[in-house]
Amino acid sequence: MIPINYIKSNKEEVLARLEKRGPQYLDLLEKVLKTDFERRQTQQNRDTVLEQANALAKEIGICFKNGEHDKGNALKVKTQSLKEESKRLEEALRALEEKMRNELSAIPNMPHDKVPKGFSENDNIVERVWGEALQNTDGFLCHWDLAAKYDLIDFETGVKITGAGFPLYKGKGAKLQRALINFFLDQAELQGYLEVQPPIMINEESGFGTGQLPDKEGQMYYVEKDNMYLIPTAEVPLTNIYRNAILTEDELPIKITAYTPCFRREAGSYGKHVRGLNRLHQFDKVEIVQISHPDNSYNTLEVMCSYVSGLLEKIGLHHRVLRLCAGDLGFASACTFDMEVYSEAQKRWLEVSSVSNFEYYQSNRLQLRYKSKVNNKKELVHTLNGSALALPRVLAALLENNQTPEGIRIPEVLVPYTGFEMIE
RNA sequence: GGAGAGAUGCAGGAGUGGUUGAACUGGCACGCCUGGAAAGCGUGUGUACCGCAAGGUACCGAGGGUUCGAAUCCCUCUCUCUCCGCCA
């Protein structure tokens with residue numbers, strides 16, 4: 001949620017930025033400001049009534065202490081109407097607070113200045129392309145065929161054990177996956193990220209903190225008996241480490257990384273585009289998260305992007321960096337870059353990472369703040385995260401792009417991790 | 001899963017119905033002292049919301065209730081600890 005005070009004191013800016021997402025949010029903005037106004041008035045009224053009631057109670061106490069029972073009892077009568085009034089106002093206030101929260105939750109994050117206008121993925125801007133497509137890819141097999149040919153992934157058995165979208169990696173397929181995880185984690189550590197292993201089930205509060213709940217409830221697997229969700233991304237547990245926390249300015253930026261499986265229901269997506277590893281219900285991912293001083297967050301975003309891009313360079317994957325347009329931006333994000341690798345056999349781009357700055361959107365929900373050195377006040381931080389990287393599509397591109405008549409060649413940097421140079 | 005104990009401010013820890021937002025100790029900040037430091041002394045030190053301000057309101061795990069008045073009494077829930085059971 002955008003902090004209400006930020007909206008109040010920067011209305012023009014919020015309006016201008018939000019407008020990029022479309023005009024439908026401007027009304028919401030007015031609405032929430034109105035609700036906020038009513039809320040404040042109601043609070044004032046309630047406080048006044050309570051003040052009177054408190055004063056009376058105090059007076060009554062003194063009366064009884066001094067033995068003036070008659071006077072005390074007389075005063076008691078007066079409290080009755082105040083009590084009813086305060087109860088009424090209390091309820092009204094609570095309703096208004098909830099209304100405001102709901103209205104605020106319906107407003108997406110404001111796109112950053114540099115986010116282009118646009119409605120669909122066609123309006124995204126290609127920021128950078130690294131590498132180029134191969135010249136001769138005649139006879140190239142798609143990764144699902146390669147996986148079968150070299151016995152790397154057994155989709156059918158995954159279906160038998162669980163269902164579609166839960167692949168079973170085998171032999172060198174499993175090893176390659178493990179190698180990638182270790183490589184990505186080691187790289188992150190070199191950049192100063194602290195590796196953690198978080199829980200992969202989360203409670204409701206955590207889901208709310210990072211913005212998955214209540215909106216994206218249907219995307220997550222839910223364990224009803226214990227009221228928990230399987231994480232759709234490590235972003236949720238990693239960022240929620242710092243829910244309700246007050247950091248010192250010296251602690252910033254906080255940089256953490258984790259490897260976790262991720263679970264997504266992906267309800268309603270079927271067909272060719274979700275074949276093989278393209279879209280799964282369970283997949284592995286290494287995530288990086290930064291908690292940043294608001295003044296530095298956009299610099300941080302750039303650093304994170306080039307880091308992710310650098311990873312793809314190291315494993316030699318032709319890729320591009322997209323600056324997402326307002327229409328393609330996630331609800332909670334203020335600015336997002338997507339990294340897509342080129343799949344030589346499928347002849348299309350596959351998203352392998354998404355790096356975002358959420359500004360105050362998550363920290364406001366999380367109540368994640370730092371103590372400012374300037375005024376010693378508690379201020380909200382900016383949160384950022386990115387995939388570094390999501391495994392299945394990297395694996396898919398790696399298999400497809402590195403296929404040769406002799407087998408699949410493993411990128412040099414990964415050989416120390418896999419222990420083999422070729423999949424034959 | 002069964003039995004018991006507990007949850008108070010940055011931390012420890014008092015407080016069992018009335019000027020208690022909360023004693024006391026420590027921590028921290030500032031000042032004095034010192035050549036400098038330690039010790040010592042003094043002062044200060046919660047958060048959120050409303051308000052231009054004065055000030056007000058709320059908060060003693062969470063939510064309800066009793067009462068003119070609740071950290072304090074009652075109910076429900078959550079969490080932590082100890083013992084037993086089970087277990088990778």
# chains A, B, ... in the order shown; residues from 1 in each chain; ligands from 1
$ interface_residues --of "chain A" --to "chain B" --cutoff "8 Å" --atoms "only C-alpha atoms (C1' of nucleotides)" --output "list in words"
Arg40, Gln43, Gln44, Asp47, Thr48, Leu50, Glu51, Asn54, Leu56, Ala57, Lys58, Ile60, Gly61, Ile62, Leu75, Lys76 and Thr79 of chain A
$ residues_around --residues "stretch 306-314 of chain A" --least-positions-apart "6" --cutoff "12 Å" --atoms "only C-alpha atoms (C1' of nucleotides)" --output "number ranges by chain"
A: 127-132, 180-181, 183-193, 286-288, 299-300, 320-322, 337-342, 351-355, 385-391, 393-395, 397-398, 410-414
$ residues_around --residues "B:A7" --least-positions-apart "6" --cutoff "9 Å" --atoms "only C-alpha atoms (C1' of nucleotides)" --output "PyMOL selection string"
chain B and resi 61+79-80
$ select_by_dssp --residues "stretch 228-330 of chain A" --states "alpha helix (DSSP H)" --output "PyMOL selection string"
chain A and resi 235-240+297-314
$ residues_around --residues "B:G42" --least-positions-apart "4" --cutoff "12 Å" --atoms "only C-alpha atoms (C1' of nucleotides)" --output "number ranges by chain"
B: 30-33
$ write_last_selection --atoms "C-alpha atoms (C1' of nucleotides)" --output "PDB file, in the first residue's frame"
ATOM      1  C1'   C B  30      23.535  14.477  26.515  1.00  0.00           C
ATOM      2  C1'   G B  31      26.206  17.285  30.263  1.00  0.00           C
ATOM      3  C1'   C B  32      29.882  17.656  34.380  1.00  0.00           C
ATOM      4  C1'   C B  33      34.506  15.647  35.940  1.00  0.00           C
TER       5        C B  33
END
$ select_by_dssp --residues "stretch 165-411 of chain A" --states "strand (DSSP E)" --output "MDAnalysis selection string"
chainID A and resid 168:169 194:195 201:202 222:223 228:230 246:248 254:263 282:292 319:323 335:343 348:359 369:371 378:380 382:390 403:404 407:409
$ closest_residue --among "A:Arg369, A:His281, A:His318, A:His69" --to "A:Val159" --atoms "only C-alpha atoms"
A:His281
$ residues_around --residues "stretch 196-205 of chain A" --least-positions-apart "3" --cutoff "12 Å" --atoms "only C-alpha atoms (C1' of nucleotides)" --output "JSON, numbers by chain"
{"A": [185, 188, 189, 193, 208, 209, 210, 211, 212, 213, 214, 217, 220, 221, 222, 223, 224, 226, 227, 228, 229, 230, 231, 232, 233, 234, 235, 236, 237, 238, 239, 240, 241, 243, 244, 255, 256, 257, 258, 259, 260, 261, 262, 263, 282, 284, 286, 287, 288, 289, 365, 366, 367]}
$ write_last_selection --atoms "C-alpha atoms" --output "compact mmCIF listing (two decimals), in the first residue's frame"
# COMPACT_ATOMS: atom_id res chain seq x y z
CA LEU A 185 24.30 -18.98 -4.43
CA ALA A 188 25.34 -14.00 -4.68
CA GLU A 189 27.58 -14.53 -1.72
CA TYR A 193 24.38 -11.39 0.03
CA PHE A 208 -0.18 -9.89 3.44
CA GLY A 209 3.17 -8.26 4.13
CA THR A 210 4.58 -8.77 0.68
CA GLY A 211 1.28 -8.34 -1.11
CA GLN A 212 0.31 -11.90 -2.08
CA LEU A 213 -2.72 -11.76 0.15
CA PRO A 214 -5.49 -11.03 -0.17
CA GLU A 217 -4.74 -15.99 -2.98
CA MET A 220 -0.82 -20.15 -3.91
CA TYR A 221 -1.21 -23.67 -2.60
CA TYR A 222 -3.06 -23.53 0.67
CA VAL A 223 -2.78 -25.95 3.56
CA GLU A 224 -6.16 -25.56 5.11
CA ASP A 226 -2.89 -25.31 9.47
CA ASN A 227 -3.86 -22.15 7.65
CA MET A 228 -0.56 -21.90 5.79
CA TYR A 229 0.52 -21.30 2.23
CA LEU A 230 3.34 -22.80 0.20
CA ILE A 231 5.56 -19.99 -0.96
CA PRO A 232 5.21 -18.86 -4.58
CA THR A 233 8.64 -17.24 -4.29
CA ALA A 234 11.33 -16.84 -1.61
CA GLU A 235 10.57 -13.14 -1.69
CA VAL A 236 7.81 -13.78 0.81
CA PRO A 237 9.77 -15.40 3.65
CA LEU A 238 12.90 -13.37 2.96
CA THR A 239 11.21 -10.00 3.09
CA ASN A 240 9.04 -11.02 6.02
CA ILE A 241 12.14 -11.69 8.10
CA ARG A 243 8.31 -7.53 9.22
CA ASN A 244 7.70 -5.13 12.12
CA LYS A 255 21.22 -8.12 1.31
CA ILE A 256 19.98 -11.67 1.59
CA THR A 257 19.70 -14.58 -0.76
CA ALA A 258 18.11 -17.99 -0.61
CA TYR A 259 17.51 -21.03 -2.67
CA THR A 260 14.00 -22.41 -2.29
CA PRO A 261 11.50 -24.43 -4.20
CA CYS A 262 8.55 -22.32 -5.30
CA PHE A 263 4.96 -23.40 -5.72
CA GLN A 282 6.94 -26.55 -8.49
CA ASP A 284 13.55 -24.03 -7.96
CA VAL A 286 17.54 -18.50 -6.11
CA GLU A 287 16.22 -15.15 -4.96
CA ILE A 288 18.00 -11.98 -3.96
CA VAL A 289 16.42 -9.40 -1.68
CA ARG A 365 2.43 -3.27 4.89
CA LEU A 366 5.30 -4.86 6.75
CA GLN A 367 5.87 -1.87 8.99
$ closest_residue --among "B:G65, B:C59, B:U76, B:C41" --to "B:U8" --atoms "only C-alpha atoms (C1' of nucleotides)"
B:C59
$ residues_around --residues "stretch 81-86 of chain B" --least-positions-apart "5" --cutoff "8 Å" --atoms "only C-alpha atoms (C1' of nucleotides)" --output "MDAnalysis selection string"
chainID B and resid 1:6
$ residues_around --residues "A:Phe358" --least-positions-apart "3" --cutoff "8 Å" --atoms "only C-alpha atoms (C1' of nucleotides)" --output "PyMOL selection string"
chain A and resi 109+332-335+361-362+382-384
$ atom_distance --atom1 "atom CA of A:Asn296" --atom2 "atom C1' of B:C28"
28.4 Å
$ closest_residue --among "A:Ile125, A:Cys305, A:Leu26, A:Ile4" --to "A:Glu97" --atoms "only C-alpha atoms"
A:Ile4
$ atom_distance --atom1 "atom C1' of B:U72" --atom2 "atom C1' of B:A14"
12.8 Å
